[in-house]
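Engineer: If it helps, the file is called query28.cif and holds mmCIF, C-alpha atoms and all ligand atoms:
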```cif
data_query
loop_
_atom_site.label_atom_id
_atom_site.label_comp_id
_atom_site.auth_asym_id
_atom_site.auth_seq_id
_atom_site.Cartn_x
_atom_site.Cartn_y
_atom_site.Cartn_z
CA MET A 1 -22.82 -59.45 -8.99
CA LYS A 2 -24.35 -56.14 -8.01
CA GLN A 3 -27.34 -56.36 -5.74
CA LEU A 4 -28.56 -52.82 -5.62
CA LEU A 5 -31.43 -51.79 -3.43
CA THR A 6 -34.17 -49.73 -5.00
CA GLU A 7 -33.16 -46.10 -4.99
CA GLU A 8 -35.95 -45.16 -2.61
CA ILE A 9 -34.94 -47.77 -0.04
CA ALA A 10 -31.25 -46.97 -0.38
CA ASN A 11 -32.02 -43.29 0.19
CA ARG A 12 -34.16 -44.02 3.20
CA LEU A 13 -31.45 -46.24 4.69
CA ALA A 14 -28.86 -43.53 4.09
CA PHE A 15 -31.23 -41.15 5.87
CA GLN A 16 -31.41 -43.54 8.83
CA PHE A 17 -27.61 -43.77 8.84
CA HIS A 18 -27.55 -40.00 9.31
CA ARG A 19 -30.37 -40.17 11.88
CA GLU A 20 -28.33 -42.59 13.98
CA LEU A 21 -25.29 -40.36 13.67
CA HIS A 22 -27.46 -37.42 14.69
CA ALA A 23 -28.56 -39.38 17.76
CA PHE A 24 -24.88 -40.15 18.49
CA TYR A 25 -24.02 -36.47 18.13
CA SER A 26 -27.06 -35.38 20.17
CA TYR A 27 -26.25 -37.70 23.08
CA LEU A 28 -22.71 -36.38 23.10
CA GLY A 29 -24.28 -32.92 23.46
CA ILE A 30 -26.43 -34.07 26.37
CA ALA A 31 -23.44 -35.85 27.95
CA ALA A 32 -21.43 -32.62 27.74
CA TRP A 33 -24.29 -30.62 29.28
CA CYS A 34 -24.70 -33.19 32.09
CA ASP A 35 -21.01 -33.08 32.91
CA LEU A 36 -20.94 -29.28 32.99
CA ASN A 37 -23.99 -29.25 35.27
CA GLY A 38 -22.79 -31.72 37.88
CA PHE A 39 -24.52 -34.85 36.58
CA GLU A 40 -21.37 -36.91 36.21
CA ASN A 41 -22.94 -40.34 36.08
CA LEU A 42 -25.66 -39.29 33.67
CA SER A 43 -22.94 -37.81 31.50
CA LYS A 44 -21.28 -41.23 31.33
CA TRP A 45 -24.68 -42.85 30.77
CA PHE A 46 -25.38 -40.60 27.78
CA LEU A 47 -21.88 -41.26 26.43
CA HIS A 48 -22.71 -44.94 26.58
CA GLN A 49 -25.99 -44.27 24.75
CA ALA A 50 -24.09 -42.21 22.18
CA ASN A 51 -21.79 -45.15 21.48
CA GLU A 52 -24.78 -47.41 20.95
CA GLU A 53 -26.10 -44.96 18.36
CA LYS A 54 -22.74 -44.99 16.64
CA GLU A 55 -22.97 -48.78 16.49
CA HIS A 56 -26.46 -48.46 14.97
CA ALA A 57 -25.09 -46.10 12.32
CA GLU A 58 -22.34 -48.61 11.55
CA LYS A 59 -24.89 -51.39 11.26
CA VAL A 60 -26.81 -49.42 8.61
CA PHE A 61 -23.51 -48.47 6.93
CA ASP A 62 -22.47 -52.15 6.73
CA TYR A 63 -25.86 -53.16 5.39
CA LEU A 64 -25.81 -50.52 2.64
CA LEU A 65 -22.34 -51.65 1.57
CA SER A 66 -23.33 -55.31 1.70
CA ARG A 67 -26.08 -54.43 -0.79
CA ASP A 68 -23.60 -52.54 -3.00
CA SER A 69 -25.26 -49.20 -2.31
CA LYS A 70 -23.42 -45.93 -2.50
CA ILE A 71 -23.78 -43.66 0.53
CA ASN A 72 -23.88 -39.90 0.12
CA PHE A 73 -22.26 -38.24 3.10
CA VAL A 74 -24.50 -35.21 3.35
CA GLY A 75 -23.49 -34.17 6.88
CA ILE A 76 -24.93 -34.62 10.35
CA PRO A 77 -27.60 -32.05 11.28
CA SER A 78 -26.61 -29.70 14.10
CA SER A 79 -27.71 -30.55 17.62
CA LYS A 80 -28.47 -29.07 21.05
CA SER A 81 -26.12 -28.77 24.00
CA GLU A 82 -28.05 -26.15 25.99
CA PHE A 83 -30.91 -27.13 28.27
CA VAL A 84 -32.80 -25.29 30.99
CA LYS A 85 -32.90 -28.38 33.18
CA LEU A 86 -32.20 -32.10 33.21
CA ALA A 87 -35.81 -33.07 32.47
CA GLU A 88 -35.69 -30.99 29.28
CA ALA A 89 -32.59 -32.82 28.04
CA VAL A 90 -34.07 -36.24 28.78
CA ARG A 91 -37.42 -35.32 27.20
CA TRP A 92 -35.62 -34.20 24.10
CA ALA A 93 -33.72 -37.51 23.92
CA LEU A 94 -37.04 -39.35 24.24
CA GLU A 95 -38.53 -37.29 21.40
CA LEU A 96 -35.53 -38.20 19.21
CA GLU A 97 -36.07 -41.89 19.94
CA ILE A 98 -39.76 -41.65 19.10
CA GLN A 99 -38.92 -39.95 15.80
CA VAL A 100 -36.36 -42.63 14.96
CA GLU A 101 -38.96 -45.32 15.67
CA LYS A 102 -41.44 -43.59 13.34
CA ASP A 103 -38.83 -43.48 10.58
CA TYR A 104 -38.04 -47.18 10.93
CA GLN A 105 -41.74 -48.00 10.90
CA GLU A 106 -42.11 -46.15 7.60
CA LEU A 107 -39.07 -47.93 6.22
CA ALA A 108 -40.47 -51.31 7.31
CA GLN A 109 -43.71 -50.46 5.49
CA LEU A 110 -41.86 -49.29 2.37
CA SER A 111 -39.71 -52.43 2.25
CA LEU A 112 -42.84 -54.58 2.37
CA GLU A 113 -44.44 -52.57 -0.42
CA LYS A 114 -41.30 -53.02 -2.53
CA LYS A 115 -41.14 -56.73 -1.61
CA ASP A 116 -37.64 -56.19 -0.23
CA TYR A 117 -37.90 -58.79 2.53
CA THR A 118 -34.20 -58.69 3.37
CA THR A 119 -34.42 -54.99 4.20
CA HIS A 120 -37.64 -55.62 6.08
CA GLU A 121 -35.91 -58.22 8.23
CA PHE A 122 -32.99 -55.83 8.75
CA VAL A 123 -35.29 -52.99 9.82
CA MET A 124 -37.20 -55.21 12.27
CA TRP A 125 -34.07 -55.48 14.41
CA PHE A 126 -34.08 -51.70 14.78
CA LEU A 127 -37.78 -51.58 15.58
CA LYS A 128 -37.26 -54.08 18.42
CA GLU A 129 -34.30 -52.02 19.62
CA GLN A 130 -36.46 -48.87 19.61
CA VAL A 131 -39.02 -50.49 21.92
CA GLU A 132 -36.25 -51.02 24.48
CA GLU A 133 -34.76 -47.57 24.05
CA ILE A 134 -38.05 -45.72 24.30
CA ARG A 135 -38.86 -47.65 27.44
CA THR A 136 -35.46 -46.76 28.94
CA PHE A 137 -35.77 -43.05 28.16
CA LYS A 138 -39.40 -42.91 29.37
CA SER A 139 -38.41 -44.50 32.64
CA LEU A 140 -35.51 -42.05 33.09
CA LEU A 141 -37.82 -39.11 32.34
CA ASP A 142 -40.43 -40.38 34.82
CA GLN A 143 -37.82 -40.58 37.57
CA VAL A 144 -36.36 -37.15 36.82
CA GLU A 145 -39.82 -35.55 36.71
CA LEU A 146 -40.80 -37.24 39.96
CA ILE A 147 -37.77 -35.71 41.70
CA GLY A 148 -38.70 -32.25 40.44
CA ASP A 149 -36.46 -29.20 40.37
CA ASN A 150 -34.50 -29.64 43.59
CA LEU A 151 -30.91 -29.69 42.35
CA GLY A 152 -29.56 -31.50 45.43
CA ASN A 153 -32.03 -34.33 44.95
CA LEU A 154 -31.26 -34.50 41.24
CA ILE A 155 -27.52 -34.76 41.98
CA LEU A 156 -28.21 -37.52 44.52
CA PHE A 157 -30.25 -39.32 41.86
CA ASP A 158 -27.34 -38.92 39.44
CA ARG A 159 -25.08 -40.76 41.90
CA THR A 160 -27.39 -43.78 41.75
CA ILE A 161 -27.11 -44.10 37.97
CA GLN A 162 -25.18 -47.14 36.84
CA ILE A 163 -23.88 -47.85 33.39
CA GLU A 164 -24.49 -51.36 32.09
CA GLU A 165 -21.67 -52.56 29.90
FE FE B 201 -30.30 -45.93 17.30
FE FE B 202 -31.57 -44.79 20.16
#
```
Take the structure from the file and write it as structure tokens.

Structural biologist:
Amino acid sequence: MKQLLTEEIANRLAFQFHRELHAFYSYLGIAAWCDLNGFENLSKWFLHQANEEKEHAEKVFDYLLSRDSKINFVGIPSSKSEFVKLAEAVRWALELEIQVEKDYQELAQLSLEKKDYTTHEFVMWFLKEQVEEIRTFKSLLDQVELIGDNLGNLILFDRTIQIEE
């Protein structure tokens, strides 16, 4: 039996699928910039973040297929890999996370309006995840801004970064 989502919800979920892929792609861009600018550990840290975004995209992908929804592969929007300084890259990542949270909030609201409680439940997982991610990126930005523009100190900070598996 087909269990199609409403078109509006399916479209919004497909949009989120692309948003997550865009976050994946964007964090690869930041990871590349970090590596090229001497921030080796932060590069690995952003690669790890990128992989989490890929997992998020797959989660949305699996959900859409489980609800028999067709996904249009419209392409991942282009991203940045040039930054003036580390704080700019981290601030940009934080802005992406805040945007993603806003999108999931709208989707949570829409799913309630459409009485699609399964999608609502699904989206709540992402909203909880966003709380954690925004906190993580804010804390990283605070630390980087506190250090300031001294490159030596920023590199020393980079060496303290650990990647949780
Ligand atoms: Fe995500
Ligand atoms: Fe994220």

Engineer: Which neighbours of Ala10 (chain A) fall inside 10 Å, counting all atoms listed in the file, when residues of the same chain fewer than 2 positions from it are skipped, and could you give them as a PyMOL selection string?

Structural biologist: chain A and resi 4-8+12-16+64+67-71+119

Engineer: Skip Glu52 (chain A) itself and residues of its chain fewer than 3 positions away, then list as a PDB file with C-alpha atoms, keeping the file's coordinate frame all residues within 12 Å of it, counting all atoms listed in the file.

Structural biologist:
```pdb
ATOM      1  CA  GLU A  20     -28.330 -42.590  13.980  1.00  0.00           C
ATOM      2  CA  LEU A  21     -25.290 -40.360  13.670  1.00  0.00           C
ATOM      3  CA  ALA A  23     -28.560 -39.380  17.760  1.00  0.00           C
ATOM      4  CA  PHE A  24     -24.880 -40.150  18.490  1.00  0.00           C
ATOM      5  CA  TYR A  25     -24.020 -36.470  18.130  1.00  0.00           C
ATOM      6  CA  TYR A  27     -26.250 -37.700  23.080  1.00  0.00           C
ATOM      7  CA  LEU A  28     -22.710 -36.380  23.100  1.00  0.00           C
ATOM      8  CA  TRP A  45     -24.680 -42.850  30.770  1.00  0.00           C
ATOM      9  CA  PHE A  46     -25.380 -40.600  27.780  1.00  0.00           C
ATOM     10  CA  LEU A  47     -21.880 -41.260  26.430  1.00  0.00           C
ATOM     11  CA  HIS A  48     -22.710 -44.940  26.580  1.00  0.00           C
ATOM     12  CA  GLN A  49     -25.990 -44.270  24.750  1.00  0.00           C
ATOM     13  CA  GLU A  55     -22.970 -48.780  16.490  1.00  0.00           C
ATOM     14  CA  HIS A  56     -26.460 -48.460  14.970  1.00  0.00           C
ATOM     15  CA  ALA A  57     -25.090 -46.100  12.320  1.00  0.00           C
ATOM     16  CA  GLU A  58     -22.340 -48.610  11.550  1.00  0.00           C
ATOM     17  CA  LYS A  59     -24.890 -51.390  11.260  1.00  0.00           C
ATOM     18  CA  PHE A 126     -34.080 -51.700  14.780  1.00  0.00           C
ATOM     19  CA  GLU A 129     -34.300 -52.020  19.620  1.00  0.00           C
ATOM     20  CA  GLN A 130     -36.460 -48.870  19.610  1.00  0.00           C
ATOM     21  CA  GLU A 133     -34.760 -47.570  24.050  1.00  0.00           C
ATOM     22  CA  GLU A 164     -24.490 -51.360  32.090  1.00  0.00           C
ATOM     23  CA  GLU A 165     -21.670 -52.560  29.900  1.00  0.00           C
TER      24      GLU A 165
END
```

Engineer: I'd like the interatomic distance between CA of Val84 (chain A) and CA of Asn150 (chain A), to a tenth of an Å.

Structural biologist: 13.4 Å

Engineer: Closest to Lys44 (chain A) among A:Gln105, A:Phe17, A:Ile163, A:Trp125, using only C-alpha atoms?

Structural biologist: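 For Lys44 (chain A), the nearest of the candidates is A:Ile163.
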
Engineer: Considering all atoms listed in the file, return as a VMD selection string whatever protein or nucleic-acid residues lie within 10 Å of Glu82 (chain A), sequence-local ones (same chain, fewer than 2 positions apart) excluded.

Structural biologist: chain A and resid 29 to 30 32 to 34 79 to 80 84 to 85 88 to 89

Engineer: Which residue gives the smallest distance to ligand FE 202 (chain B) among A:His18, A:Lys54, A:His120, A:Lys114, with all atoms listed in the file counted?

Structural biologist: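 Nearest candidate to ligand FE 202 (chain B) out of A:His18, A:Lys54, A:His120, A:Lys114: A:Lys54.
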
Engineer: Counting only C-alpha atoms and all ligand atoms, which residue out of A:Gln143, A:Ser43, A:Asn51, A:Gln109 sits closest to ligand FE 201 (chain B)?

Structural biologist: A:Asn51

Engineer: Which one of A:Leu94, A:Ser66, A:Phe61, A:Leu154 sits closest to Thr136 (chain A) if you count all atoms listed in the file?

Structural biologist: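 Under the stated criterion, the closest residue is A:Leu94.
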
Engineer: One number please: CA of Val131 (chain A) to CA of Ala50 (chain A), in Å, one decimal.

Structural biologist: 17.1 Å

Engineer: Kindly indicate which residue among A:Tyr117, A:Phe73, A:Phe83, A:Phe137 lies nearest to ligand FE 202 (chain B), using only C-alpha atoms and all ligand atoms for the distances.

Structural biologist: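 Once distances to ligand FE 202 (chain B) are computed over only C-alpha atoms and all ligand atoms, the minimum belongs to A:Phe137.
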
Engineer: Rounded to one decimal, what separation in Å do you get between CA of Glu101 (chain A) and CA of Ile161 (chain A)?

Structural biologist: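 Result for CA of Glu101 (chain A) versus CA of Ile161 (chain A): 25.3 Å, one decimal.
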
Engineer: As a list of chain:residue names, please: the residues near Ala87 (chain A) (cut-off 7 Å, all atoms listed in the file, same-chain neighbours under 2 positions excluded).

Structural biologist: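 So, after excluding close chain neighbours, the residues are A:Lys85, A:Ala89, A:Val90, A:Arg91, A:Leu141, A:Val144, A:Glu145.
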
Engineer: Identify which of the residues A:Asp149, A:Asp116, A:Glu97, A:Glu53 lies closest to ligand FE 201 (chain B), counting all atoms listed in the file when measuring atom-to-atom distances.

Structural biologist: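 Of all the options, A:Glu53 lies closest to ligand FE 201 (chain B).
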
Engineer: With all atoms of region 84-87 of chain A from the file as input, state the centre and edge lengths in Å to one decimal of the axis-aligned box that has 5 Å extra on each side, as JSON.

Structural biologist:
```
{"center_x": -34.0, "center_y": -29.2, "center_z": 32.1, "size_x": 13.6, "size_y": 17.8, "size_z": 12.2}
```

Engineer: As a compact mmCIF listing (two decimals), keeping the file's coordinate frame, please: region 47-76 of chain A completed to N, CA and C atoms.

Structural biologist:
```txt
# COMPACT_ATOMS: atom_id res chain seq x y z
N LEU A 47 -23.00 -40.88 27.31
CA LEU A 47 -21.88 -41.26 26.43
C LEU A 47 -22.04 -42.70 25.97
N HIS A 48 -22.47 -43.54 26.91
CA HIS A 48 -22.71 -44.94 26.58
C HIS A 48 -23.83 -45.06 25.53
N GLN A 49 -24.89 -44.28 25.73
CA GLN A 49 -25.99 -44.27 24.75
C GLN A 49 -25.48 -43.79 23.39
N ALA A 50 -24.65 -42.76 23.42
CA ALA A 50 -24.09 -42.21 22.18
C ALA A 50 -23.35 -43.31 21.42
N ASN A 51 -22.55 -44.09 22.15
CA ASN A 51 -21.79 -45.15 21.48
C ASN A 51 -22.69 -46.20 20.87
N GLU A 52 -23.82 -46.46 21.53
CA GLU A 52 -24.78 -47.41 20.95
C GLU A 52 -25.34 -46.87 19.63
N GLU A 53 -25.58 -45.56 19.60
CA GLU A 53 -26.10 -44.96 18.36
C GLU A 53 -25.06 -45.04 17.24
N LYS A 54 -23.82 -44.88 17.63
CA LYS A 54 -22.74 -44.99 16.64
C LYS A 54 -22.72 -46.42 16.07
N GLU A 55 -22.92 -47.39 16.95
CA GLU A 55 -22.97 -48.78 16.49
C GLU A 55 -24.16 -49.00 15.54
N HIS A 56 -25.29 -48.34 15.86
CA HIS A 56 -26.46 -48.46 14.97
C HIS A 56 -26.13 -47.89 13.59
N ALA A 57 -25.46 -46.73 13.59
CA ALA A 57 -25.09 -46.10 12.32
C ALA A 57 -24.19 -47.05 11.52
N GLU A 58 -23.26 -47.69 12.23
CA GLU A 58 -22.34 -48.61 11.55
C GLU A 58 -23.07 -49.83 10.99
N LYS A 59 -24.10 -50.24 11.72
CA LYS A 59 -24.89 -51.39 11.26
C LYS A 59 -25.59 -51.04 9.93
N VAL A 60 -26.15 -49.84 9.85
CA VAL A 60 -26.81 -49.42 8.61
C VAL A 60 -25.77 -49.25 7.50
N PHE A 61 -24.63 -48.66 7.86
CA PHE A 61 -23.51 -48.47 6.93
C PHE A 61 -23.09 -49.83 6.33
N ASP A 62 -22.88 -50.82 7.20
CA ASP A 62 -22.47 -52.15 6.73
C ASP A 62 -23.53 -52.76 5.82
N TYR A 63 -24.79 -52.58 6.20
CA TYR A 63 -25.86 -53.16 5.39
C TYR A 63 -25.90 -52.53 4.00
N LEU A 64 -25.80 -51.20 3.95
CA LEU A 64 -25.81 -50.52 2.64
C LEU A 64 -24.67 -51.02 1.77
N LEU A 65 -23.49 -51.17 2.37
CA LEU A 65 -22.34 -51.65 1.57
C LEU A 65 -22.52 -53.10 1.16
N SER A 66 -23.12 -53.90 2.05
CA SER A 66 -23.33 -55.31 1.70
C SER A 66 -24.31 -55.45 0.54
N ARG A 67 -25.14 -54.42 0.34
CA ARG A 67 -26.08 -54.43 -0.79
C ARG A 67 -25.56 -53.57 -1.95
N ASP A 68 -24.27 -53.30 -1.92
CA ASP A 68 -23.60 -52.54 -3.00
C ASP A 68 -24.21 -51.15 -3.23
N SER A 69 -24.67 -50.53 -2.16
CA SER A 69 -25.26 -49.20 -2.31
C SER A 69 -24.27 -48.11 -1.93
N LYS A 70 -24.29 -47.08 -2.73
CA LYS A 70 -23.42 -45.93 -2.50
C LYS A 70 -24.08 -45.07 -1.41
N ILE A 71 -23.24 -44.53 -0.52
CA ILE A 71 -23.78 -43.66 0.53
C ILE A 71 -23.31 -42.23 0.26
N ASN A 72 -24.27 -41.31 0.22
CA ASN A 72 -23.88 -39.90 0.12
C ASN A 72 -23.72 -39.33 1.52
N PHE A 73 -22.54 -38.81 1.78
CA PHE A 73 -22.26 -38.24 3.10
C PHE A 73 -22.67 -36.77 3.10
N VAL A 74 -23.93 -36.56 3.48
CA VAL A 74 -24.50 -35.21 3.35
C VAL A 74 -24.30 -34.35 4.60
N GLY A 75 -23.74 -34.95 5.66
CA GLY A 75 -23.49 -34.17 6.88
C GLY A 75 -24.51 -34.48 7.96
N ILE A 76 -24.06 -34.36 9.20
CA ILE A 76 -24.93 -34.62 10.35
C ILE A 76 -25.60 -33.30 10.74
```
